[in-house]
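Asks: So here's my_file.txt (compact mmCIF, C-alpha atoms).
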```
# COMPACT_ATOMS: atom_id res chain seq x y z
CA MET J 268 -13.28 -157.93 14.30
CA ARG J 269 -14.73 -154.44 14.87
CA SER J 270 -13.15 -153.18 11.64
CA LEU J 271 -15.14 -155.74 9.63
CA SER J 272 -18.28 -153.82 8.69
CA CYS J 273 -20.40 -156.40 6.84
CA ILE J 274 -20.72 -160.09 6.02
CA HIS J 275 -18.72 -159.58 2.82
CA ASP J 276 -15.80 -158.32 4.93
CA LEU J 277 -15.99 -161.51 7.00
CA ALA J 278 -16.02 -163.57 3.81
CA ARG J 279 -12.91 -161.87 2.47
CA ARG J 280 -11.07 -162.48 5.72
CA ALA J 281 -12.25 -166.10 5.80
CA LYS J 282 -10.93 -166.69 2.29
CA ARG J 283 -7.46 -165.61 3.42
CA ARG J 284 -7.51 -167.71 6.61
CA ILE J 285 -8.63 -171.11 5.35
CA PRO J 286 -7.30 -173.49 2.68
CA ALA J 287 -8.64 -173.33 -0.86
CA PHE J 288 -10.49 -176.64 -0.54
CA ALA J 289 -12.32 -175.41 2.57
CA TRP J 290 -13.12 -172.06 0.97
CA GLY J 291 -14.35 -173.75 -2.20
CA TYR J 292 -16.69 -175.94 -0.19
CA LEU J 293 -18.03 -172.99 1.82
CA ASP J 294 -18.38 -170.44 -0.95
CA GLY J 295 -19.04 -172.57 -4.01
CA GLY J 296 -22.21 -173.47 -5.85
CA SER J 297 -23.38 -175.95 -8.44
CA GLY J 298 -22.29 -176.04 -12.06
CA GLU J 299 -21.23 -172.65 -13.39
CA GLU J 300 -22.66 -171.08 -10.21
CA GLY J 301 -25.43 -169.19 -11.96
CA GLY J 302 -27.70 -170.08 -9.06
CA LEU J 303 -25.37 -168.29 -6.67
CA ARG J 304 -25.36 -165.16 -8.80
CA ARG J 305 -29.11 -165.32 -9.38
CA ASN J 306 -29.84 -165.36 -5.66
CA ARG J 307 -27.87 -162.13 -5.27
CA GLU J 308 -29.22 -160.42 -8.37
CA ARG J 309 -32.86 -161.15 -7.60
CA LEU J 310 -32.53 -160.07 -3.98
CA ASP J 311 -30.97 -156.82 -5.18
CA SER J 312 -33.94 -156.27 -7.50
CA VAL J 313 -36.37 -156.07 -4.57
CA LEU J 314 -36.59 -152.40 -3.61
CA LEU J 315 -37.92 -151.11 -0.32
CA LYS J 316 -40.02 -148.00 0.26
CA PRO J 317 -38.98 -145.90 3.28
CA ARG J 318 -41.51 -143.81 5.21
CA PHE J 319 -40.05 -140.93 7.19
CA CYS J 320 -41.06 -138.88 10.23
CA THR J 321 -42.50 -141.96 11.92
CA GLY J 322 -40.33 -141.72 15.04
CA VAL J 323 -40.05 -145.49 15.44
CA ARG J 324 -37.71 -147.52 17.61
CA PRO J 325 -38.29 -150.87 15.95
CA ASP J 326 -38.91 -154.19 17.64
CA CYS J 327 -36.85 -156.81 15.81
CA SER J 328 -38.21 -159.84 17.65
CA ALA J 329 -40.27 -162.46 15.84
CA GLU J 330 -42.63 -165.22 16.87
CA LEU J 331 -42.31 -168.62 15.27
CA PHE J 332 -44.17 -171.78 16.28
CA GLY J 333 -45.40 -170.17 19.47
CA ARG J 334 -41.97 -168.98 20.59
CA ARG J 335 -40.64 -165.43 20.42
CA TYR J 336 -37.03 -165.08 19.29
CA ALA J 337 -34.96 -161.95 19.81
CA GLN J 338 -34.32 -161.71 16.06
CA PRO J 339 -36.20 -162.94 12.98
CA PHE J 340 -33.20 -164.88 11.68
CA GLY J 341 -31.43 -168.11 12.48
CA ILE J 342 -28.38 -170.19 11.58
CA ALA J 343 -29.12 -172.56 8.72
CA PRO J 344 -27.73 -176.11 8.72
CA VAL J 345 -24.25 -176.42 7.23
CA GLY J 346 -22.54 -179.75 6.80
CA MET J 347 -18.83 -180.08 7.55
CA GLY J 348 -18.71 -176.91 9.65
CA GLY J 349 -15.58 -178.12 11.38
CA LEU J 350 -13.75 -178.14 8.06
CA LEU J 351 -14.49 -174.44 7.61
CA TRP J 352 -13.17 -173.66 11.07
CA PRO J 353 -12.54 -176.24 13.79
CA GLY J 354 -15.13 -175.83 16.53
CA ALA J 355 -17.34 -173.62 14.33
CA ASP J 356 -20.55 -175.53 15.13
CA LEU J 357 -20.17 -175.10 18.88
CA ALA J 358 -19.05 -171.48 18.52
CA LEU J 359 -22.22 -170.70 16.60
CA ALA J 360 -24.38 -172.71 18.99
CA ALA J 361 -23.04 -170.57 21.82
CA GLU J 362 -23.98 -167.42 19.88
CA ALA J 363 -27.44 -168.83 19.22
CA LYS J 364 -27.89 -169.22 22.95
CA ARG J 365 -26.45 -165.78 23.75
CA HIS J 366 -28.55 -163.94 21.17
CA ASP J 367 -31.67 -166.14 21.38
CA LEU J 368 -31.59 -167.43 17.80
CA PRO J 369 -32.44 -170.84 16.38
CA MET J 370 -29.50 -172.90 15.14
CA VAL J 371 -30.20 -175.90 12.94
CA ALA J 372 -27.91 -178.90 13.46
CA SER J 373 -27.26 -180.77 10.21
CA THR J 374 -27.36 -184.53 9.84
CA VAL J 375 -23.87 -184.19 8.33
CA SER J 376 -22.49 -181.69 10.83
CA THR J 377 -19.03 -182.33 12.25
CA THR J 378 -20.43 -182.01 15.77
CA ALA J 379 -22.89 -184.42 17.32
CA LEU J 380 -26.43 -183.09 17.41
CA GLU J 381 -26.54 -183.70 21.17
CA ASP J 382 -23.52 -181.44 21.70
CA ILE J 383 -25.00 -178.69 19.54
CA ALA J 384 -28.30 -178.92 21.41
CA GLN J 385 -26.54 -178.59 24.75
CA ALA J 386 -24.43 -175.63 23.63
CA ALA J 387 -27.41 -173.86 22.07
CA GLY J 388 -29.34 -173.99 25.33
CA GLY J 389 -32.76 -174.90 23.96
CA ASN J 390 -32.34 -173.02 20.67
CA ALA J 391 -31.32 -176.00 18.55
CA TRP J 392 -33.34 -177.40 15.67
CA PHE J 393 -32.46 -180.50 13.64
CA GLN J 394 -32.20 -180.95 9.88
CA LEU J 395 -32.77 -184.46 8.55
CA TYR J 396 -31.28 -185.89 5.39
CA ALA J 397 -33.48 -188.94 5.03
CA SER J 398 -31.46 -192.14 5.01
CA ARG J 399 -32.10 -195.11 2.80
CA LYS J 400 -32.46 -197.10 6.04
CA PRO J 401 -35.67 -196.41 8.02
CA GLU J 402 -34.06 -197.46 11.29
CA ILE J 403 -31.46 -194.68 10.93
CA ASN J 404 -34.13 -192.05 10.38
CA ARG J 405 -36.05 -193.21 13.40
CA ASP J 406 -32.99 -193.24 15.62
CA LEU J 407 -31.86 -189.77 14.49
CA LEU J 408 -35.27 -188.31 15.29
CA GLU J 409 -35.40 -190.06 18.64
CA ARG J 410 -31.95 -188.73 19.48
CA ALA J 411 -32.95 -185.19 18.48
CA TRP J 412 -36.09 -185.32 20.63
CA ALA J 413 -34.17 -186.75 23.59
CA ALA J 414 -31.65 -183.89 23.25
CA GLY J 415 -34.45 -181.36 23.73
CA ILE J 416 -34.90 -180.38 20.07
CA ARG J 417 -38.50 -179.57 19.19
CA VAL J 418 -38.32 -178.33 15.58
CA MET J 419 -37.16 -180.49 12.70
CA ALA J 420 -36.66 -179.74 9.00
CA VAL J 421 -36.62 -182.49 6.38
CA THR J 422 -34.40 -181.52 3.44
CA VAL J 423 -35.91 -182.73 0.17
CA ASP J 424 -33.78 -181.02 -2.50
CA VAL J 425 -30.88 -183.49 -2.60
CA PRO J 426 -32.12 -186.49 -4.60
CA MET J 427 -28.49 -186.70 -5.69
CA ALA J 428 -25.34 -184.68 -5.13
CA GLY J 429 -25.03 -181.33 -6.85
CA ASP J 430 -22.36 -180.65 -9.46
CA ARG J 431 -19.89 -179.09 -7.01
CA ARG J 432 -17.07 -178.33 -9.41
CA ARG J 433 -14.90 -176.42 -6.96
CA ASP J 434 -14.70 -179.53 -4.78
CA VAL J 435 -13.59 -181.61 -7.77
CA ARG J 436 -11.01 -179.05 -8.85
CA ASN J 437 -9.66 -178.80 -5.32
CA ARG J 438 -9.51 -182.62 -5.00
CA PHE J 439 -11.50 -182.41 -1.82
CA VAL J 440 -11.71 -185.90 -0.30
CA LEU J 441 -12.14 -187.24 3.24
CA PRO J 442 -10.13 -188.15 5.16
CA PHE J 443 -7.49 -185.67 4.02
CA ARG J 444 -4.89 -187.17 1.72
CA PRO J 445 -1.34 -185.85 2.18
CA GLY J 446 0.31 -184.60 -0.97
CA PRO J 447 2.22 -181.57 -2.26
CA ARG J 448 -0.91 -179.50 -2.92
CA PHE J 449 -2.50 -180.37 0.42
CA ALA J 450 0.78 -179.72 2.25
CA TRP J 451 1.10 -176.29 0.63
CA GLU J 452 -2.44 -175.32 1.63
CA VAL J 453 -1.81 -176.38 5.21
CA LEU J 454 1.57 -174.64 5.45
CA THR J 455 0.19 -171.39 4.06
CA HIS J 456 -2.77 -171.37 6.47
CA PRO J 457 -1.09 -172.03 9.82
CA ALA J 458 -3.92 -170.83 12.10
CA TRP J 459 -6.37 -173.23 10.44
CA ALA J 460 -3.78 -176.03 10.51
CA LEU J 461 -3.07 -175.61 14.21
CA ALA J 462 -6.74 -175.43 15.10
CA THR J 463 -7.42 -178.55 13.03
CA ALA J 464 -4.54 -180.37 14.73
CA ARG J 465 -6.09 -179.58 18.11
CA HIS J 466 -9.60 -180.65 17.12
CA GLY J 467 -8.73 -183.54 14.80
CA SER J 468 -9.78 -184.21 11.22
CA PRO J 469 -13.52 -183.51 10.74
CA GLY J 470 -15.92 -186.41 10.44
CA PHE J 471 -19.64 -187.18 10.62
CA PRO J 472 -20.39 -188.05 14.25
CA ASN J 473 -24.17 -188.14 13.74
CA LEU J 474 -23.77 -190.94 11.19
CA ALA J 475 -20.65 -192.68 12.50
CA ARG J 476 -22.57 -195.13 14.66
CA TYR J 477 -24.52 -196.31 11.63
CA SER J 478 -22.06 -196.19 8.75
CA GLY J 479 -18.57 -195.75 10.12
CA GLU J 480 -16.23 -192.93 9.14
CA VAL J 481 -15.58 -191.67 5.64
CA ASP J 482 -12.93 -193.63 3.76
CA GLY J 483 -11.38 -191.79 0.85
CA GLN J 484 -14.59 -190.56 -0.73
CA THR J 485 -15.46 -187.08 -1.82
CA LEU J 486 -17.88 -185.42 0.57
CA THR J 487 -20.67 -185.42 -1.99
CA ALA J 488 -20.12 -189.09 -2.80
CA PHE J 489 -20.32 -190.01 0.85
CA ILE J 490 -23.51 -188.07 1.41
CA SER J 491 -25.02 -189.52 -1.77
CA SER J 492 -24.31 -193.03 -0.52
CA GLN J 493 -26.36 -192.34 2.60
CA ILE J 494 -29.25 -190.17 1.45
CA LYS J 495 -32.51 -191.66 0.24
CA ASP J 496 -32.71 -190.79 -3.45
CA ASP J 497 -36.35 -191.80 -3.98
CA LEU J 498 -37.94 -189.68 -1.28
CA GLY J 499 -41.70 -189.32 -1.71
CA TRP J 500 -44.64 -187.68 0.01
CA ASP J 501 -45.48 -190.95 1.75
CA ASP J 502 -42.06 -190.69 3.42
CA ILE J 503 -42.92 -187.19 4.58
CA ARG J 504 -46.17 -188.50 6.08
CA HIS J 505 -44.15 -191.19 7.83
CA PHE J 506 -41.78 -188.61 9.32
CA ARG J 507 -44.84 -186.68 10.45
CA GLN J 508 -45.93 -189.74 12.40
CA LEU J 509 -42.46 -190.22 13.89
CA TRP J 510 -41.83 -186.61 14.92
CA PRO J 511 -43.97 -185.16 17.74
CA GLY J 512 -42.67 -181.59 17.33
CA LYS J 513 -42.91 -179.00 14.59
CA MET J 514 -41.83 -180.11 11.12
CA LEU J 515 -40.80 -178.05 8.11
CA ILE J 516 -40.03 -179.24 4.61
CA LYS J 517 -36.79 -177.64 3.43
CA GLY J 518 -35.80 -177.03 -0.18
CA ILE J 519 -39.21 -176.22 -1.62
CA LEU J 520 -39.26 -174.05 -4.75
CA ALA J 521 -42.42 -175.02 -6.63
CA PRO J 522 -45.72 -173.63 -5.32
CA GLU J 523 -47.35 -177.00 -6.06
CA ASP J 524 -44.86 -178.73 -3.77
CA ALA J 525 -45.57 -176.26 -0.98
CA ALA J 526 -49.23 -177.24 -1.08
CA LEU J 527 -48.34 -180.94 -1.13
CA ALA J 528 -46.01 -180.51 1.84
CA LEU J 529 -48.77 -178.92 3.90
CA ASP J 530 -51.16 -181.70 2.86
CA ALA J 531 -48.56 -184.23 4.06
CA GLY J 532 -48.60 -182.71 7.54
CA ALA J 533 -45.83 -180.11 7.48
CA ASP J 534 -46.14 -177.24 9.93
CA GLY J 535 -44.24 -174.92 7.62
CA ILE J 536 -42.44 -174.48 4.31
CA TRP J 537 -38.71 -173.74 4.07
CA VAL J 538 -38.07 -172.05 0.74
CA SER J 539 -34.49 -172.67 -0.41
CA ASN J 540 -32.45 -173.49 -3.48
CA HIS J 541 -29.74 -174.88 -1.19
CA GLY J 542 -27.78 -171.66 -1.51
CA GLY J 543 -27.26 -172.31 -5.22
CA ARG J 544 -25.49 -175.58 -4.44
CA GLN J 545 -27.80 -178.13 -6.05
CA GLN J 546 -29.17 -177.01 -9.42
CA ASP J 547 -27.58 -174.24 -11.43
CA SER J 548 -30.82 -173.49 -13.29
CA ALA J 549 -33.08 -173.36 -10.23
CA PRO J 550 -34.96 -170.11 -9.58
CA ALA J 551 -33.72 -167.66 -7.01
CA ALA J 552 -35.22 -168.41 -3.61
CA ILE J 553 -36.66 -164.89 -3.31
CA ASP J 554 -38.70 -165.42 -6.49
CA ALA J 555 -39.88 -168.85 -5.36
CA LEU J 556 -40.85 -167.33 -2.02
CA ALA J 557 -43.20 -164.83 -3.64
CA ALA J 558 -44.82 -167.51 -5.79
CA ILE J 559 -45.25 -169.88 -2.86
CA ARG J 560 -46.78 -167.26 -0.60
CA ALA J 561 -49.22 -166.35 -3.36
CA GLU J 562 -50.15 -170.02 -3.73
CA ILE J 563 -50.70 -170.98 -0.09
CA GLY J 564 -51.94 -167.68 1.29
CA PRO J 565 -51.05 -165.75 4.44
CA GLY J 566 -51.60 -168.44 7.08
CA PRO J 567 -48.92 -171.16 6.88
CA VAL J 568 -45.42 -170.55 8.23
CA VAL J 569 -42.88 -169.85 5.49
CA VAL J 570 -39.17 -169.42 6.15
CA MET J 571 -36.43 -168.80 3.61
CA ASP J 572 -32.70 -169.07 3.07
CA SER J 573 -30.32 -168.69 0.09
CA GLY J 574 -28.44 -165.45 -0.38
CA ILE J 575 -29.30 -163.62 2.86
CA ARG J 576 -26.31 -161.46 3.78
CA SER J 577 -27.75 -158.34 5.44
CA GLY J 578 -30.63 -156.76 7.29
CA GLU J 579 -31.90 -155.33 4.03
CA ASP J 580 -31.94 -158.84 2.55
CA MET J 581 -34.02 -159.96 5.51
CA ALA J 582 -36.45 -157.09 4.94
CA ARG J 583 -36.63 -158.00 1.25
CA ALA J 584 -37.55 -161.55 2.17
CA ARG J 585 -40.14 -160.31 4.66
CA VAL J 586 -41.97 -158.08 2.19
CA MET J 587 -42.06 -161.00 -0.26
CA GLY J 588 -43.77 -163.24 2.28
CA ALA J 589 -41.24 -164.78 4.70
CA ASP J 590 -42.08 -165.14 8.38
CA PHE J 591 -38.45 -165.84 9.30
CA VAL J 592 -35.13 -166.08 7.48
CA PHE J 593 -32.00 -168.21 7.76
CA SER J 594 -28.44 -167.95 6.52
CA GLY J 595 -25.70 -170.53 6.58
CA ARG J 596 -22.71 -168.99 4.83
CA SER J 597 -22.96 -165.66 6.71
CA PHE J 598 -22.28 -167.30 10.05
CA TYR J 599 -19.65 -169.74 8.84
CA TYR J 600 -17.84 -166.91 7.07
CA GLY J 601 -17.72 -165.33 10.51
CA ALA J 602 -16.43 -168.44 12.24
CA ALA J 603 -13.80 -168.97 9.54
CA ALA J 604 -12.78 -165.32 9.76
CA GLY J 605 -12.24 -165.28 13.51
CA GLY J 606 -13.43 -168.34 15.43
CA GLN J 607 -15.73 -167.47 18.33
CA ALA J 608 -15.14 -163.73 17.87
CA GLY J 609 -15.97 -163.99 14.17
CA ALA J 610 -19.13 -165.96 14.90
CA ALA J 611 -20.20 -163.27 17.34
CA ARG J 612 -19.41 -160.54 14.83
CA ALA J 613 -21.61 -162.15 12.16
CA VAL J 614 -24.60 -162.14 14.51
CA GLU J 615 -23.91 -158.58 15.63
CA LEU J 616 -23.62 -157.31 12.05
CA LEU J 617 -26.88 -158.87 10.92
CA ALA J 618 -28.79 -157.77 14.01
CA SER J 619 -27.56 -154.18 13.83
CA ASP J 620 -28.19 -153.97 10.09
CA LEU J 621 -31.74 -155.22 10.50
CA ARG J 622 -32.45 -152.62 13.17
CA ARG J 623 -30.97 -149.93 10.95
CA THR J 624 -33.09 -151.11 8.01
CA LEU J 625 -36.36 -151.10 9.96
CA THR J 626 -35.55 -147.67 11.37
CA GLN J 627 -34.73 -146.32 7.92
CA LEU J 628 -37.97 -147.74 6.56
CA GLY J 629 -39.95 -146.20 9.41
CA CYS J 630 -41.38 -149.62 10.22
CA PRO J 631 -42.17 -150.23 13.90
CA SER J 632 -41.48 -153.97 13.97
CA TRP J 633 -40.64 -157.09 12.02
CA GLY J 634 -44.24 -158.17 12.49
CA ALA J 635 -45.53 -154.98 10.86
CA LEU J 636 -43.22 -155.24 7.87
CA ASP J 637 -45.23 -156.35 4.85
CA GLY J 638 -45.81 -155.56 1.19
CA ARG J 639 -46.61 -151.93 1.97
CA TRP J 640 -42.87 -151.36 2.39
CA ARG J 641 -42.01 -152.77 -1.02
CA TRP J 642 -41.39 -150.33 -3.86
CA ASP J 643 -43.21 -151.85 -6.82
CA GLY J 644 -42.98 -148.92 -9.25
CA ARG J 645 -46.64 -147.96 -9.12
CA ASP J 646 -45.70 -144.77 -7.23
CA SER J 647 -43.31 -143.70 -9.96
CA PRO J 648 -44.27 -140.49 -11.80
CA ASP J 649 -44.06 -142.44 -15.07
CA ASN J 650 -46.97 -144.59 -13.92
CA ARG J 651 -49.35 -141.82 -12.90
CA GLY J 652 -50.81 -141.22 -16.32
```
What does this structure look like when you write it as structure tokens?

Replies:
Amino acid sequence: MRSLSCIHDLARRAKRRIPAFAWGYLDGGSGEEGGLRRNRERLDSVLLKPRFCTGVRPDCSAELFGRRYAQPFGIAPVGMGGLLWPGADLALAAEAKRHDLPMVASTVSTTALEDIAQAAGGNAWFQLYASRKPEINRDLLERAWAAGIRVMAVTVDVPMAGDRRRDVRNRFVLPFRPGPRFAWEVLTHPAWALATARHGSPGFPNLARYSGEVDGQTLTAFISSQIKDDLGWDDIRHFRQLWPGKMLIKGILAPEDAALALDAGADGIWVSNHGGRQQDSAPAAIDALAAIRAEIGPGPVVVMDSGIRSGEDMARARVMGADFVFSGRSFYYGAAAGGQAGAARAVELLASDLRRTLTQLGCPSWGALDGRWRWDGRDSPDNRG
């Protein structure tokens, strides 16, 4: 793992180690995947302004909801983590505990939220896909609270399944259906196959008690059959009444929706375009972040995901208004690339790159990093008259 120098190296190794249908699910986006490319292109367009001879040894810790974390980044919720690498959820939960990071357990994770909470040692959050059935929502939130989880994010950007074309092309259905193509993928990825045989075929333990196991449906079809497709702000107010802890609204892109979420009782806004997995024409999350911060001002908590792959990406998000950042793919690339060791390597790479970035910028801390470290072109000789 030490020879893998960045998240992209982990991704390349993961692609070789796991079957095409698993890789397609992990790496793919919606439609023609313009949203995926846009996230990367717009992040790359944000330039940072280094200040030298400052002699700093930066503090990378960050405070969020009254708690100080060792790093300003966390592990975003990823459904079907056990498909990407068996045991990935628990491997990452252990790293969240070891490095003092938040890890967000998904409603559609392949590991029960209680098990993730225990493994994360008090660092677990919960992500809710609102069910069509109110009793399921209530029970999920009660289970999360009983497990010691104190921060919850309601995902609002999945009124219906995205156009995940790689999944269709790869004939990705659950449970796995034996056939020549599936057999070839398994035979040519023996480490994944053996690990899956030990752990068993991935399922949805958080939902199994309510809906049973998946029966021959595509993943997106199964999720669509469960998720409330007419979610409204009254539902958000209801979740606010049900949940005694901190609540974020995840998937916000429009500044108007950020204001409505706060009015509905949210403690924070989670800016995200679902990693480019829902709407091909959606704006890049980094652009939405800037617009939302301008709309709601400096006070409310704003976190962001979608495209974060490095410490410099984190710094870009910070100067555009983020209080904290999350990544999903980065960490699951790591787990798929090397199990527990790969999960650990992903955290180490991001943490070391962030420290390097702050040092190179001459910025003393994550808390001090703001728009002053963004290069906006006004210092260019061409703009001095």

Asks: Point out the residue among J:Ile274, J:Ala584, J:Ala464, J:Ile536 with the least atom-to-atom distance to Asp554 (chain J), counting all atoms listed in the file.

Replies: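 Answer, going by the shortest atom-to-atom distance: J:Ala584.
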
Asks: In Å, rounded to a single decimal, give me how far CA of Arg507 (chain J) is from CA of Gly341 (chain J).

Replies: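 These atoms are spaced 23.0 Å apart.
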
Asks: So which one's closest to Ala610 (chain J), J:Asp497, J:Asp326, J:Glu381, J:Glu362? Using only C-alpha atoms, please.

Replies: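 Among J:Asp497, J:Asp326, J:Glu381, J:Glu362, it is J:Glu362 that comes nearest to Ala610 (chain J).
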
Asks: Please identify all polymer residues lying at most 8 Å from the point (-39.3, -171.0, 4.1) (file coordinates), using all atoms listed in the file, and present the result as an mmCIF file with C-alpha atoms, in the coordinates of the input.

Replies:
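Final output, saved to point01.cif:
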```cif
data_model
loop_
_atom_site.group_PDB
_atom_site.id
_atom_site.type_symbol
_atom_site.label_atom_id
_atom_site.label_comp_id
_atom_site.auth_asym_id
_atom_site.auth_seq_id
_atom_site.Cartn_x
_atom_site.Cartn_y
_atom_site.Cartn_z
ATOM 1 C CA LYS J 517 -36.790 -177.640 3.430
ATOM 2 C CA ILE J 519 -39.210 -176.220 -1.620
ATOM 3 C CA GLY J 535 -44.240 -174.920 7.620
ATOM 4 C CA ILE J 536 -42.440 -174.480 4.310
ATOM 5 C CA TRP J 537 -38.710 -173.740 4.070
ATOM 6 C CA VAL J 538 -38.070 -172.050 0.740
ATOM 7 C CA SER J 539 -34.490 -172.670 -0.410
ATOM 8 C CA LEU J 556 -40.850 -167.330 -2.020
ATOM 9 C CA VAL J 568 -45.420 -170.550 8.230
ATOM 10 C CA VAL J 569 -42.880 -169.850 5.490
ATOM 11 C CA VAL J 570 -39.170 -169.420 6.150
ATOM 12 C CA MET J 571 -36.430 -168.800 3.610
ATOM 13 C CA ASP J 572 -32.700 -169.070 3.070
ATOM 14 C CA ALA J 589 -41.240 -164.780 4.700
ATOM 15 C CA ASP J 590 -42.080 -165.140 8.380
ATOM 16 C CA PHE J 591 -38.450 -165.840 9.300
ATOM 17 C CA VAL J 592 -35.130 -166.080 7.480
#
```

Asks: In Å, how far is it from CA of Cys320 (chain J) to CA of Val586 (chain J)?

Replies: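 The value is 20.8 Å.
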
Asks: Restricting the calculation to all atoms listed in the file: of J:Ala372, J:Ala635, J:Leu271, J:Ala582, which residue gets closest to Leu621 (chain J)?

Replies: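 Distance minimum relative to Leu621 (chain J) lands on J:Ala582.
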
Asks: Using all atoms listed in the file, can you tell me which of J:Pro339, J:Gly446, J:Pro469, J:Gly512 comes closest to Arg417 (chain J)?

Replies: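 So, comparing all the options, the nearest one is J:Gly512.
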
Asks: Could region 543-549 of chain J be completed with all heavy atoms and written as an mmCIF file, in the frame of the given file, please?

Replies:
```cif
data_model
loop_
_atom_site.group_PDB
_atom_site.id
_atom_site.type_symbol
_atom_site.label_atom_id
_atom_site.label_comp_id
_atom_site.auth_asym_id
_atom_site.auth_seq_id
_atom_site.Cartn_x
_atom_site.Cartn_y
_atom_site.Cartn_z
ATOM 1 N N GLY J 543 -27.844 -172.187 -3.897
ATOM 2 C CA GLY J 543 -27.260 -172.310 -5.220
ATOM 3 C C GLY J 543 -26.345 -173.498 -5.378
ATOM 4 O O GLY J 543 -25.567 -173.568 -6.338
ATOM 5 N N ARG J 544 -26.445 -174.475 -4.473
ATOM 6 C CA ARG J 544 -25.490 -175.580 -4.440
ATOM 7 C C ARG J 544 -26.001 -176.869 -5.076
ATOM 8 O O ARG J 544 -25.257 -177.846 -5.164
ATOM 9 C CB ARG J 544 -25.085 -175.864 -2.984
ATOM 10 C CG ARG J 544 -24.321 -174.720 -2.354
ATOM 11 C CD ARG J 544 -24.180 -174.901 -0.850
ATOM 12 N NE ARG J 544 -23.307 -175.998 -0.468
ATOM 13 C CZ ARG J 544 -21.975 -175.944 -0.464
ATOM 14 N NH1 ARG J 544 -21.355 -174.840 -0.858
ATOM 15 N NH2 ARG J 544 -21.262 -176.959 -0.078
ATOM 16 N N GLN J 545 -27.259 -176.894 -5.524
ATOM 17 C CA GLN J 545 -27.800 -178.130 -6.050
ATOM 18 C C GLN J 545 -28.080 -178.098 -7.546
ATOM 19 O O GLN J 545 -27.690 -178.991 -8.259
ATOM 20 C CB GLN J 545 -29.085 -178.509 -5.291
ATOM 21 C CG GLN J 545 -28.821 -179.250 -3.997
ATOM 22 C CD GLN J 545 -28.055 -180.536 -4.196
ATOM 23 O OE1 GLN J 545 -26.895 -180.638 -3.817
ATOM 24 N NE2 GLN J 545 -28.676 -181.536 -4.792
ATOM 25 N N GLN J 546 -28.782 -177.073 -8.010
ATOM 26 C CA GLN J 546 -29.170 -177.010 -9.420
ATOM 27 C C GLN J 546 -28.886 -175.611 -9.946
ATOM 28 O O GLN J 546 -29.454 -174.627 -9.473
ATOM 29 C CB GLN J 546 -30.653 -177.346 -9.589
ATOM 30 C CG GLN J 546 -31.117 -177.355 -11.037
ATOM 31 C CD GLN J 546 -32.596 -177.635 -11.169
ATOM 32 O OE1 GLN J 546 -33.234 -178.101 -10.227
ATOM 33 N NE2 GLN J 546 -33.156 -177.345 -12.330
ATOM 34 N N ASP J 547 -28.018 -175.538 -10.927
ATOM 35 C CA ASP J 547 -27.580 -174.240 -11.430
ATOM 36 C C ASP J 547 -28.735 -173.458 -12.050
ATOM 37 O O ASP J 547 -28.740 -172.222 -12.037
ATOM 38 C CB ASP J 547 -26.485 -174.456 -12.477
ATOM 39 C CG ASP J 547 -25.573 -173.254 -12.647
ATOM 40 O OD1 ASP J 547 -25.708 -172.288 -11.868
ATOM 41 O OD2 ASP J 547 -24.733 -173.268 -13.558
ATOM 42 N N SER J 548 -29.715 -174.152 -12.595
ATOM 43 C CA SER J 548 -30.820 -173.490 -13.290
ATOM 44 C C SER J 548 -32.043 -173.277 -12.409
ATOM 45 O O SER J 548 -33.088 -172.859 -12.902
ATOM 46 C CB SER J 548 -31.230 -174.314 -14.515
ATOM 47 O OG SER J 548 -31.622 -175.628 -14.119
ATOM 48 N N ALA J 549 -31.933 -173.545 -11.122
ATOM 49 C CA ALA J 549 -33.080 -173.360 -10.230
ATOM 50 C C ALA J 549 -33.375 -171.863 -10.066
ATOM 51 O O ALA J 549 -32.487 -171.023 -10.163
ATOM 52 C CB ALA J 549 -32.789 -173.980 -8.866
#
```
